[in-house]
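Undergrad: I'm passing along model-v4.txt; it holds compact mmCIF, C-alpha atoms and all ligand atoms.
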```
# COMPACT_ATOMS: atom_id res chain seq x y z
CA MET O 8 12.44 -78.22 33.87
CA SER O 9 13.90 -75.39 31.85
CA ILE O 10 15.37 -75.90 28.41
CA ILE O 11 18.19 -73.66 29.47
CA GLY O 12 18.89 -75.15 32.90
CA LEU O 13 21.61 -77.66 33.44
CA GLY O 14 19.09 -80.46 33.91
CA PRO O 15 16.79 -80.45 36.91
CA ALA O 16 18.82 -81.74 39.85
CA ALA O 17 22.31 -81.24 38.48
CA GLY O 18 21.40 -77.65 37.53
CA GLU O 19 20.49 -76.54 41.03
CA ASP O 20 23.50 -78.28 42.48
CA MET O 21 25.82 -76.64 39.94
CA ARG O 22 24.29 -73.21 40.55
CA GLU O 23 24.91 -73.53 44.26
CA GLN O 24 28.48 -74.50 43.60
CA VAL O 25 28.94 -71.54 41.22
CA GLU O 26 27.55 -69.31 43.95
CA GLN O 27 30.04 -70.59 46.53
CA LEU O 28 32.96 -70.30 44.12
CA VAL O 29 31.99 -66.74 43.15
CA GLU O 30 31.99 -65.80 46.81
CA LYS O 31 35.39 -67.41 47.24
CA VAL O 32 37.04 -65.56 44.31
CA THR O 33 35.50 -62.14 44.99
CA PRO O 34 38.35 -60.84 47.19
CA ASP O 35 40.81 -61.78 44.40
CA VAL O 36 38.67 -60.07 41.78
CA VAL O 37 38.54 -56.87 43.83
CA ALA O 38 42.31 -56.98 44.42
CA TRP O 39 43.08 -57.59 40.72
CA ARG O 40 40.77 -54.81 39.64
CA ARG O 41 42.35 -52.33 42.05
CA ASP O 42 45.84 -53.35 40.93
CA PHE O 43 44.93 -52.88 37.26
CA HIS O 44 43.29 -49.58 38.16
CA THR O 45 46.47 -48.31 39.82
CA HIS O 46 48.58 -49.34 36.82
CA PRO O 47 46.56 -48.52 33.70
CA GLU O 48 48.11 -48.91 30.25
CA LEU O 49 47.10 -47.40 26.93
CA SER O 50 45.96 -49.35 23.88
CA ASN O 51 48.62 -51.72 22.50
CA ARG O 52 50.83 -50.94 25.52
CA GLU O 53 49.20 -53.38 27.97
CA GLU O 54 52.47 -55.12 28.88
CA ARG O 55 52.10 -55.26 32.65
CA THR O 56 48.39 -56.06 32.61
CA SER O 57 48.93 -58.86 30.12
CA ARG O 58 51.82 -60.32 32.12
CA ILE O 59 49.74 -60.42 35.30
CA VAL O 60 46.78 -61.94 33.48
CA ALA O 61 48.99 -64.73 32.08
CA GLU O 62 50.65 -65.35 35.46
CA GLN O 63 47.31 -65.58 37.24
CA LEU O 64 45.85 -67.92 34.60
CA GLN O 65 48.88 -70.18 34.93
CA ALA O 66 48.74 -70.08 38.73
CA MET O 67 45.07 -71.13 38.77
CA GLY O 68 45.79 -73.98 36.37
CA ALA O 69 44.08 -72.84 33.17
CA ASP O 70 44.89 -74.97 30.11
CA GLU O 71 46.90 -73.61 27.19
CA VAL O 72 47.72 -70.05 28.16
CA ARG O 73 48.79 -68.29 24.96
CA THR O 74 50.45 -64.88 25.20
CA GLY O 75 51.43 -62.34 22.57
CA VAL O 76 48.15 -62.68 20.66
CA ALA O 77 47.43 -59.38 18.88
CA ARG O 78 50.52 -57.93 20.61
CA HIS O 79 49.64 -58.07 24.33
CA GLY O 80 46.56 -60.28 24.18
CA VAL O 81 46.22 -63.48 26.21
CA VAL O 82 44.07 -66.44 25.17
CA ALA O 83 43.49 -69.34 27.55
CA LEU O 84 41.38 -72.45 27.54
CA VAL O 85 39.54 -74.18 30.36
CA ARG O 86 38.92 -77.69 29.08
CA GLY O 87 36.02 -79.69 30.45
CA LYS O 88 36.32 -83.40 31.15
CA LYS O 89 33.69 -84.38 28.60
CA PRO O 90 33.89 -83.47 24.90
CA GLY O 91 31.76 -80.63 23.60
CA PRO O 92 31.85 -77.29 21.81
CA THR O 93 33.91 -74.25 22.77
CA VAL O 94 32.34 -71.04 23.99
CA ALA O 95 34.39 -67.84 24.27
CA LEU O 96 34.28 -65.10 26.91
CA ARG O 97 36.01 -61.82 26.15
CA ALA O 98 37.39 -58.97 28.27
CA ASP O 99 39.27 -55.86 27.12
CA MET O 100 42.33 -54.59 29.02
CA ASP O 101 43.29 -51.10 27.83
CA ALA O 102 42.91 -47.71 29.53
CA LEU O 103 42.39 -44.16 28.24
CA PRO O 104 44.52 -40.99 27.99
CA ILE O 105 42.69 -39.20 30.82
CA GLN O 106 44.06 -37.67 34.05
CA GLU O 107 42.22 -39.41 36.89
CA GLU O 108 40.31 -37.21 39.38
CA THR O 109 38.53 -39.80 41.53
CA GLY O 110 40.65 -39.40 44.67
CA LEU O 111 40.48 -43.17 45.20
CA PRO O 112 43.26 -44.66 47.39
CA PHE O 113 44.14 -46.94 44.46
CA ALA O 114 43.89 -44.23 41.79
CA SER O 115 46.09 -44.34 38.72
CA GLN O 116 49.80 -43.83 39.32
CA ASN O 117 50.38 -43.18 35.63
CA ALA O 118 50.01 -39.56 34.62
CA ARG O 119 47.27 -38.97 32.05
CA VAL O 120 46.32 -42.64 31.87
CA MET O 121 43.16 -43.93 33.53
CA HIS O 122 40.83 -46.90 33.51
CA ALA O 123 37.88 -44.61 32.82
CA CYS O 124 36.01 -47.18 30.76
CA GLY O 125 36.08 -49.97 33.35
CA HIS O 126 38.29 -52.36 31.39
CA ASP O 127 40.12 -52.99 34.69
CA ALA O 128 36.85 -54.46 35.98
CA HIS O 129 36.27 -56.47 32.78
CA THR O 130 39.74 -58.04 33.04
CA ALA O 131 39.37 -58.84 36.75
CA VAL O 132 35.88 -60.29 36.24
CA LEU O 133 37.13 -62.59 33.49
CA LEU O 134 40.06 -63.74 35.64
CA GLY O 135 37.60 -64.50 38.44
CA THR O 136 35.37 -66.37 35.99
CA ALA O 137 38.37 -68.42 34.86
CA LYS O 138 39.06 -69.39 38.45
CA VAL O 139 35.45 -70.51 38.96
CA LEU O 140 35.47 -72.53 35.72
CA VAL O 141 38.78 -74.23 36.51
CA GLU O 142 37.19 -75.55 39.72
CA LEU O 143 34.22 -76.89 37.78
CA ARG O 144 35.98 -78.34 34.76
CA ASP O 145 35.59 -81.97 35.89
CA ARG O 146 31.86 -81.50 35.51
CA MET O 147 32.04 -79.40 32.35
CA ARG O 148 31.28 -80.52 28.82
CA GLY O 149 33.28 -78.77 26.11
CA SER O 150 35.64 -75.88 26.70
CA VAL O 151 35.63 -72.23 27.60
CA LYS O 152 38.03 -69.96 25.76
CA LEU O 153 39.06 -66.79 27.57
CA LEU O 154 40.03 -63.82 25.41
CA PHE O 155 41.91 -61.01 27.13
CA GLN O 156 42.01 -58.39 24.41
CA PRO O 157 44.20 -55.31 24.02
CA ALA O 158 43.40 -52.02 22.28
CA GLU O 159 39.60 -52.00 22.36
CA GLU O 160 39.74 -48.19 22.35
CA GLY O 161 41.61 -48.32 19.06
CA PRO O 162 45.33 -48.83 18.39
CA PRO O 163 47.61 -45.80 17.97
CA ALA O 164 47.83 -44.43 14.42
CA GLY O 165 49.77 -46.72 12.14
CA GLU O 166 49.35 -49.80 14.33
CA GLU O 167 47.02 -52.75 14.04
CA GLY O 168 45.21 -53.97 17.11
CA GLY O 169 42.04 -54.85 18.95
CA ALA O 170 39.43 -57.47 18.08
CA ARG O 171 40.31 -57.43 14.37
CA LEU O 172 43.91 -58.43 15.12
CA MET O 173 42.82 -60.99 17.74
CA ILE O 174 40.70 -62.69 15.07
CA LYS O 175 43.53 -62.47 12.54
CA ASP O 176 45.84 -64.07 15.11
CA GLY O 177 43.48 -67.02 15.46
CA ALA O 178 41.74 -66.16 18.74
CA LEU O 179 38.51 -67.77 17.49
CA ASP O 180 40.21 -70.89 16.05
CA ASN O 181 41.75 -74.07 17.37
CA PRO O 182 39.49 -75.12 18.92
CA PRO O 183 36.88 -73.22 16.89
CA VAL O 184 34.53 -71.04 18.91
CA THR O 185 30.79 -71.73 18.59
CA ALA O 186 29.54 -68.60 20.39
CA ILE O 187 30.96 -65.64 22.27
CA PHE O 188 29.84 -63.52 25.22
CA GLY O 189 31.19 -60.24 26.56
CA LEU O 190 30.18 -57.51 28.95
CA HIS O 191 30.77 -53.84 29.64
CA ILE O 192 30.19 -51.93 32.85
CA ASN O 193 27.46 -49.30 32.71
CA PRO O 194 27.29 -46.40 35.20
CA GLU O 195 23.70 -45.67 34.16
CA LEU O 196 22.48 -49.06 35.35
CA GLU O 197 22.09 -49.90 39.06
CA THR O 198 24.50 -52.40 40.62
CA GLY O 199 22.97 -55.86 40.64
CA LYS O 200 21.36 -55.44 37.26
CA ILE O 201 22.38 -56.61 33.81
CA SER O 202 20.93 -55.29 30.57
CA TYR O 203 20.71 -57.02 27.22
CA ARG O 204 19.47 -56.32 23.74
CA ALA O 205 18.68 -58.68 20.87
CA GLY O 206 19.91 -57.41 17.49
CA GLY O 207 21.70 -54.05 17.14
CA MET O 208 23.01 -52.88 20.50
CA MET O 209 25.86 -50.50 19.74
CA ALA O 210 26.50 -48.40 16.68
CA ALA O 211 28.49 -48.99 13.53
CA VAL O 212 31.29 -46.44 13.66
CA ASP O 213 32.78 -44.56 10.73
CA ARG O 214 35.80 -42.39 11.39
CA ILE O 215 36.14 -39.47 9.00
CA ARG O 216 38.90 -37.12 8.01
CA MET O 217 38.38 -34.31 5.53
CA VAL O 218 40.68 -31.70 4.10
CA VAL O 219 39.12 -28.65 2.49
CA THR O 220 41.59 -26.81 0.26
CA GLY O 221 41.31 -23.24 -1.00
CA LYS O 222 43.92 -20.57 -1.62
CA GLN O 223 45.64 -18.69 1.16
CA SER O 224 45.11 -14.96 1.39
CA HIS O 225 45.39 -11.90 3.61
CA GLY O 226 42.57 -11.79 6.15
CA GLY O 227 41.79 -8.29 4.97
CA MET O 228 41.63 -9.23 1.30
CA PRO O 229 39.76 -12.54 1.05
CA TRP O 230 38.76 -11.93 -2.58
CA GLN O 231 42.38 -12.54 -3.54
CA GLY O 232 42.17 -16.13 -2.27
CA VAL O 233 39.63 -18.94 -1.84
CA ASP O 234 38.49 -19.26 1.76
CA PRO O 235 38.36 -22.88 3.04
CA VAL O 236 37.19 -21.74 6.51
CA VAL O 237 33.88 -20.34 5.27
CA ALA O 238 33.46 -23.39 3.01
CA SER O 239 34.08 -25.69 6.01
CA ALA O 240 31.53 -23.82 8.10
CA HIS O 241 28.92 -24.45 5.39
CA ILE O 242 29.95 -28.09 5.12
CA ILE O 243 29.63 -28.66 8.88
CA THR O 244 26.16 -27.09 8.91
CA ALA O 245 25.00 -28.83 5.74
CA LEU O 246 25.99 -32.26 7.09
CA GLN O 247 23.34 -31.97 9.81
CA ALA O 248 20.73 -32.24 7.07
CA ILE O 249 21.65 -35.92 6.70
CA PRO O 250 20.00 -37.14 9.92
CA SER O 251 17.27 -34.49 9.89
CA ARG O 252 16.26 -34.46 6.19
CA HIS O 253 17.62 -37.44 4.29
CA ILE O 254 17.36 -40.52 6.51
CA ASP O 255 14.19 -42.15 7.81
CA ALA O 256 13.56 -40.40 11.14
CA ARG O 257 12.89 -43.75 12.82
CA GLN O 258 16.49 -44.83 12.25
CA PRO O 259 19.21 -43.74 14.70
CA VAL O 260 21.89 -41.65 12.93
CA VAL O 261 24.49 -39.29 14.35
CA VAL O 262 26.90 -37.13 12.34
CA SER O 263 29.48 -35.26 14.45
CA ILE O 264 32.51 -33.13 13.66
CA GLY O 265 34.88 -32.95 16.62
CA VAL O 266 38.01 -31.35 15.20
CA VAL O 267 38.19 -28.24 13.02
CA ARG O 268 41.80 -27.32 12.40
CA ALA O 269 42.68 -24.20 10.46
CA GLU O 270 46.27 -23.08 10.86
CA GLY O 271 45.77 -19.53 9.73
CA ALA O 272 46.06 -16.50 11.99
CA TRP O 273 43.76 -13.67 12.99
CA ASN O 274 44.73 -11.87 9.80
CA ILE O 275 45.56 -14.86 7.57
CA ILE O 276 43.09 -17.09 5.79
CA PRO O 277 44.80 -20.49 5.55
CA GLU O 278 45.03 -22.69 2.50
CA GLN O 279 43.50 -25.73 4.20
CA VAL O 280 41.09 -26.78 6.90
CA GLU O 281 41.19 -30.24 8.42
CA LEU O 282 37.96 -31.70 9.80
CA LEU O 283 37.69 -34.88 11.87
CA GLY O 284 34.46 -36.52 12.81
CA THR O 285 32.35 -39.61 13.11
CA VAL O 286 29.14 -41.13 11.77
CA ARG O 287 27.13 -43.60 13.89
CA THR O 288 24.38 -45.84 12.53
CA HIS O 289 22.61 -49.06 13.46
CA ASP O 290 21.61 -50.48 10.10
CA PRO O 291 23.89 -51.47 7.19
CA GLU O 292 21.61 -49.96 4.51
CA VAL O 293 21.29 -46.68 6.46
CA ARG O 294 25.05 -46.68 6.90
CA ARG O 295 25.48 -46.91 3.12
CA GLN O 296 22.93 -44.14 2.50
CA VAL O 297 24.59 -41.80 5.00
CA ALA O 298 28.00 -42.35 3.39
CA GLU O 299 26.57 -41.51 -0.02
CA GLN O 300 24.86 -38.31 1.21
CA PHE O 301 27.94 -37.35 3.16
CA HIS O 302 30.19 -37.48 0.09
CA ARG O 303 27.68 -35.57 -2.05
CA ILE O 304 27.13 -32.80 0.49
CA VAL O 305 30.81 -32.32 1.24
CA HIS O 306 32.01 -32.34 -2.37
CA GLN O 307 29.24 -30.15 -3.72
CA THR O 308 29.29 -27.66 -0.84
CA ALA O 309 33.06 -27.37 -1.19
CA ALA O 310 32.66 -26.85 -4.94
CA ALA O 311 29.98 -24.21 -4.42
CA HIS O 312 32.58 -22.17 -2.53
CA GLY O 313 35.35 -22.77 -5.06
CA THR O 314 37.24 -25.14 -2.75
CA LYS O 315 38.06 -28.83 -3.06
CA ALA O 316 37.42 -31.46 -0.43
CA GLU O 317 39.17 -34.75 0.13
CA ILE O 318 37.44 -37.33 2.31
CA VAL O 319 38.85 -40.39 4.04
CA TYR O 320 35.75 -42.26 5.18
CA GLY O 321 37.09 -45.05 7.36
CA ASP O 322 35.20 -48.12 8.53
CA TYR O 323 36.04 -48.17 12.23
CA GLY O 324 33.69 -50.96 13.21
CA PRO O 325 30.41 -52.66 12.40
CA VAL O 326 27.19 -52.50 14.41
CA LEU O 327 27.36 -54.71 17.48
CA TRP O 328 24.79 -57.32 16.55
CA ASN O 329 23.60 -59.61 19.32
CA ASP O 330 22.39 -62.90 17.93
CA PRO O 331 18.67 -62.94 18.86
CA GLU O 332 18.46 -66.66 19.62
CA LEU O 333 21.67 -66.75 21.67
CA THR O 334 20.55 -63.60 23.52
CA GLU O 335 17.17 -65.14 24.31
CA ARG O 336 18.85 -68.22 25.78
CA ALA O 337 21.30 -66.05 27.70
CA VAL O 338 18.53 -63.88 29.16
CA GLN O 339 16.79 -66.96 30.57
CA SER O 340 20.08 -68.16 31.97
CA LEU O 341 20.90 -64.80 33.57
CA GLY O 342 17.37 -64.51 34.91
CA GLN O 343 17.80 -67.77 36.78
CA ALA O 344 21.22 -66.79 38.12
CA LEU O 345 20.51 -63.16 39.08
CA GLY O 346 16.74 -62.98 39.41
CA ARG O 347 14.45 -62.14 36.47
CA GLU O 348 13.83 -58.61 37.81
CA ASN O 349 17.55 -57.85 37.55
CA VAL O 350 17.79 -58.62 33.84
CA VAL O 351 16.41 -55.71 31.84
CA GLU O 352 16.34 -54.65 28.21
CA ALA O 353 18.87 -52.00 27.10
CA LYS O 354 18.21 -49.17 24.67
CA PRO O 355 20.42 -49.10 21.57
CA LEU O 356 23.53 -46.99 22.15
CA MET O 357 25.44 -44.77 19.72
CA GLY O 358 28.83 -45.71 21.18
CA GLY O 359 30.91 -48.33 19.41
CA GLU O 360 32.44 -51.53 20.79
CA ASP O 361 34.91 -53.68 18.90
CA PHE O 362 33.32 -56.87 20.29
CA ALA O 363 31.21 -56.34 17.16
CA HIS O 364 33.99 -57.94 15.08
CA TYR O 365 33.72 -61.25 16.95
CA ALA O 366 29.93 -61.16 16.68
CA LEU O 367 30.28 -60.93 12.89
CA LYS O 368 32.25 -64.19 12.86
CA VAL O 369 30.30 -66.28 15.37
CA PRO O 370 26.97 -65.77 17.17
CA GLY O 371 27.66 -63.32 19.96
CA SER O 372 25.86 -61.61 22.79
CA PHE O 373 27.05 -58.60 24.74
CA PHE O 374 25.68 -57.31 28.05
CA PHE O 375 25.88 -54.30 30.27
CA LEU O 376 26.81 -54.79 33.90
CA GLY O 377 25.27 -52.20 36.20
CA VAL O 378 27.82 -50.38 38.42
CA ARG O 379 25.75 -47.36 39.44
CA ASN O 380 25.48 -46.53 43.12
CA GLU O 381 24.57 -42.97 44.07
CA LYS O 382 25.66 -43.44 47.70
CA LEU O 383 29.19 -44.20 46.51
CA GLY O 384 29.19 -41.44 43.91
CA ALA O 385 29.35 -44.10 41.20
CA VAL O 386 27.32 -42.00 38.78
CA HIS O 387 29.84 -40.41 36.41
CA ALA O 388 29.90 -41.30 32.75
CA LEU O 389 32.44 -43.56 31.09
CA HIS O 390 35.49 -41.79 29.62
CA THR O 391 35.38 -39.01 32.25
CA PRO O 392 38.01 -38.30 34.97
CA LYS O 393 35.65 -38.92 37.92
CA MET O 394 34.28 -42.27 36.74
CA VAL O 395 34.11 -44.74 39.62
CA LEU O 396 32.29 -48.04 39.83
CA ASP O 397 30.57 -49.94 42.60
CA GLU O 398 32.74 -52.98 43.31
CA ALA O 399 29.68 -54.90 44.50
CA ALA O 400 29.04 -55.38 40.78
CA LEU O 401 32.19 -57.45 40.32
CA PRO O 402 30.80 -60.74 41.73
CA VAL O 403 27.63 -60.13 39.69
CA GLY O 404 29.81 -60.01 36.59
CA VAL O 405 31.62 -63.23 37.52
CA ARG O 406 28.34 -65.03 38.25
CA ALA O 407 26.93 -63.83 34.92
CA MET O 408 29.95 -64.84 32.84
CA ALA O 409 30.36 -68.25 34.50
CA THR O 410 26.66 -69.00 34.19
CA LEU O 411 26.53 -67.97 30.52
CA ALA O 412 29.42 -70.27 29.65
CA LEU O 413 28.24 -73.23 31.72
CA ASP O 414 24.64 -73.05 30.53
CA PHE O 415 25.69 -72.66 26.91
CA LEU O 416 27.86 -75.77 27.11
CA ALA O 417 25.30 -77.78 29.09
CA THR O 418 22.57 -77.15 26.53
CA ALA O 419 24.68 -77.42 23.35
CA PRO O 420 23.83 -80.31 21.01
CA GLN O 421 25.65 -83.50 22.02
CA SER O 422 27.01 -84.21 18.53
CA LYS O 423 29.54 -81.39 18.52
NI NI Y 1 35.02 -49.67 27.06
```
Just dump the structure as structure tokens.
TA:
Amino acid sequence: MSIIGLGPAAGEDMREQVEQLVEKVTPDVVAWRRDFHTHPELSNREERTSRIVAEQLQAMGADEVRTGVARHGVVALVRGKKPGPTVALRADMDALPIQEETGLPFASQNARVMHACGHDAHTAVLLGTAKVLVELRDRMRGSVKLLFQPAEEGPPAGEEGGARLMIKDGALDNPPVTAIFGLHINPELETGKISYRAGGMMAAVDRIRMVVTGKQSHGGMPWQGVDPVVASAHIITALQAIPSRHIDARQPVVVSIGVVRAEGAWNIIPEQVELLGTVRTHDPEVRRQVAEQFHRIVHQTAAAHGTKAEIVYGDYGPVLWNDPELTERAVQSLGQALGRENVVEAKPLMGGEDFAHYALKVPGSFFFLGVRNEKLGAVHALHTPKMVLDEAALPVGVRAMATLALDFLATAPQSK
């Protein structure tokens, strides 16, 4: 008997039933995902997606479907017959400003908007999971809360959104959530596999804006001004000393500048240069050290060239920390549902994921769902115009999510 199983006989029986239900909902999941894919919506603009999600949840008989959470978010509950804790499952719904180039028959019909990060699949998988859980609720202890979240990619400037706003709007309260699970598709991982990681899985993200100010001058007579372009070039180069010289080499750190904007002309040295970039770390103390070095290098390099630098060093999101104990339990659970050989350890990634905010509030565990299939050309990276996924991964995602929720509830202490 496993400590994670649903009890010896009942467990096997339940797993078989989950299996049958997953098979039954798969055509719906594929259809939903294709529909979302054809009609992608940008962050905080997920009106259609959110409406369909709410309609489908109501149609399948989910309890308490709440709309308008964090703008276009939907929160629903599937209440078991017996009392128990509440476990949350989360999916994100937004798309990216990318012109799709997949040539799929159900490709995006919205110009320069594409589900290139697979959130269409995440939403469809969670809807499918809801349908499975609704069928099993008479045998379920406790409740499953379904979070359909907008704006994971970040709200437009000046707007609030994403996981932070979901939490602010009470997504984790009433009933209070004891633990949370989420997943993300991964085109580097073969279909059929899931990868996990205890502890830090995805990076803490800092979003940085700098303005280096000098004095404008004629391009032919730079001595009459103070050149912020040359100062910025030195700043950009000097910043690379942070990961290579200042931080313990065994700690993952990335410092990147992606925008350098100088509105001069070929013969005009401008007054200002704007620099945008990001810092990625996996450890809170390293994150603090990098910020300190960053400020020192930028200010002092700017000063050395007679310019002044302003820095807005924005906290964009914490490290995604998977609770080690919850992850251990989940890995056993997934191993039983998908086969131990299909559950593999993930390397830490330098991308960010706003699921991290939930995992700061309650124990959380996040997984990658393999969608790679070379025969189908499902090999392109996330956030690129040719990204396609292997739909055979969709039922794997539903099985994983349903199993995680059911096993968590079945093994939770009775007193709650
Ligand atoms: Ni994503």
Undergrad: Excluding Cys124 of chain O and its own-chain neighbours fewer than 4 positions away, which residues fall within 8 Å of it when counting only C-alpha atoms? Please give them as number ranges by chain.
TA: O: 102-103, 192, 389-390, 394
Undergrad: Can you tell me which residues come within 7 Å of ligand NI 1 (chain Y) when counting all atoms listed in the file, ideally as an mmCIF file with C-alpha atoms, in the frame of the given file?
TA:
```cif
data_model
loop_
_atom_site.group_PDB
_atom_site.id
_atom_site.type_symbol
_atom_site.label_atom_id
_atom_site.label_comp_id
_atom_site.auth_asym_id
_atom_site.auth_seq_id
_atom_site.Cartn_x
_atom_site.Cartn_y
_atom_site.Cartn_z
ATOM 1 C CA CYS O 124 36.010 -47.180 30.760
ATOM 2 C CA GLY O 125 36.080 -49.970 33.350
ATOM 3 C CA HIS O 126 38.290 -52.360 31.390
ATOM 4 C CA GLU O 159 39.600 -52.000 22.360
ATOM 5 C CA GLU O 160 39.740 -48.190 22.350
ATOM 6 C CA HIS O 191 30.770 -53.840 29.640
#
```
Undergrad: Using all atoms listed in the file, list the residues that have an atom at most 10 Å from (19.5, -68.0, 29.8), coordinates as in the file, as a PyMOL selection string.
TA: chain O and resi 9-12+333-344+407+410-411+414-415
Undergrad: When distances are computed from all atoms listed in the file, which of O:Phe188, O:Gln258, O:Arg268, O:Arg73 shows the smallest separation from Ala412 of chain O?
TA: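 Of O:Phe188, O:Gln258, O:Arg268, O:Arg73, the one nearest Ala412 of chain O is O:Phe188, counting all atoms listed in the file.
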Undergrad: Please identify all polymer residues within 10 Å of His387 of chain O, counting all atoms listed in the file, omitting same-chain residues fewer than 4 positions from it, and present them as a list of chain:residue names.
TA: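 In the requested format, the answer is O:Ala123, O:Asn193, O:Pro194, O:Glu195, O:Arg379, O:Glu381, O:Thr391, O:Pro392, O:Lys393, O:Met394, O:Val395, O:Leu396.
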Undergrad: From the options O:Leu327, O:Ala186, O:Val378, O:Leu111, which residue's atoms come nearest to Thr45 of chain O, counting all atoms listed in the file?
TA: O:Leu111
Undergrad: Using all atoms listed in the file for the distances, tell me which of O:Gln27, O:Ser50, O:Asn181, O:Gln300 is nearest to Val82 of chain O.
TA: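 Comparing O:Gln27, O:Ser50, O:Asn181, O:Gln300 against Val82 of chain O, the winner is O:Asn181.
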Undergrad: Which neighbours of segment 52-69 of chain O fall inside 6 Å, counting all atoms listed in the file, when residues of the same chain fewer than 4 positions from it are skipped, and could you give them as JSON, numbers by chain?
TA: {"O": [48, 79, 85]}
Undergrad: Write out as a PyMOL selection string the residues lying within 9 Å of segment 314-323 of chain O, counting all atoms listed in the file and excluding same-chain residues fewer than 2 positions away.
TA: chain O and resi 161+211-222+233-235+238+298+302+305-312+325+359+361
Undergrad: What gap, in Å, lies between atom CA of Ile304 of chain O and atom CA of Leu283 of chain O?
TA: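 Spanning atom CA of Ile304 of chain O to atom CA of Leu283 of chain O is a straight-line distance of 15.7 Å.
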Undergrad: Given the point (43.0, -66.9, 14.9) in the coordinates of this file, which residues lie within 12 Å, counting only C-alpha atoms, and how would they look as a ChimeraX atom specification?
TA: /O:73,76-77,80,82,154,170-184,365,368
Undergrad: Could the residues in this selection be saved with C-alpha atoms as a short mmCIF file (atom, residue, chain, number, x, y, z; two decimals), keeping the file's coordinate frame?
TA:
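Final output, saved to result_33.cif:
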```cif
data_model
loop_
_atom_site.label_atom_id
_atom_site.label_comp_id
_atom_site.auth_asym_id
_atom_site.auth_seq_id
_atom_site.Cartn_x
_atom_site.Cartn_y
_atom_site.Cartn_z
CA ARG O 73 48.79 -68.29 24.96
CA VAL O 76 48.15 -62.68 20.66
CA ALA O 77 47.43 -59.38 18.88
CA GLY O 80 46.56 -60.28 24.18
CA VAL O 82 44.07 -66.44 25.17
CA LEU O 154 40.03 -63.82 25.41
CA ALA O 170 39.43 -57.47 18.08
CA ARG O 171 40.31 -57.43 14.37
CA LEU O 172 43.91 -58.43 15.12
CA MET O 173 42.82 -60.99 17.74
CA ILE O 174 40.70 -62.69 15.07
CA LYS O 175 43.53 -62.47 12.54
CA ASP O 176 45.84 -64.07 15.11
CA GLY O 177 43.48 -67.02 15.46
CA ALA O 178 41.74 -66.16 18.74
CA LEU O 179 38.51 -67.77 17.49
CA ASP O 180 40.21 -70.89 16.05
CA ASN O 181 41.75 -74.07 17.37
CA PRO O 182 39.49 -75.12 18.92
CA PRO O 183 36.88 -73.22 16.89
CA VAL O 184 34.53 -71.04 18.91
CA TYR O 365 33.72 -61.25 16.95
CA LYS O 368 32.25 -64.19 12.86
#
```
Undergrad: What's the separation between atom CA of Gly189 of chain O and atom CA of Gln116 of chain O, in Å to one decimal place?
TA: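 A separation of 27.9 Å between them.
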Undergrad: Could you check how far atom CA of Thr198 of chain O sits from atom CA of Thr136 of chain O, in Å to one decimal?
TA: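 About the pair atom CA of Thr198 of chain O and atom CA of Thr136 of chain O: they are 18.3 Å apart.
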Undergrad: For Ser202 of chain O, which residue out of O:Leu190, O:His129, O:His253, O:Val151 is the nearest one, using all atoms listed in the file?
TA: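 Going through O:Leu190, O:His129, O:His253, O:Val151 one by one, the smallest distance to Ser202 of chain O is for O:Leu190.
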Undergrad: Could you give me the axis-aligned bounding box of segment 346-358 of chain O, with 8 Å of padding per side, as centre plus edge lengths in Å to one decimal, as JSON?
TA:
```
{"center_x": 21.3, "center_y": -53.9, "center_z": 29.6, "size_x": 31.0, "size_y": 34.2, "size_z": 35.7}
```
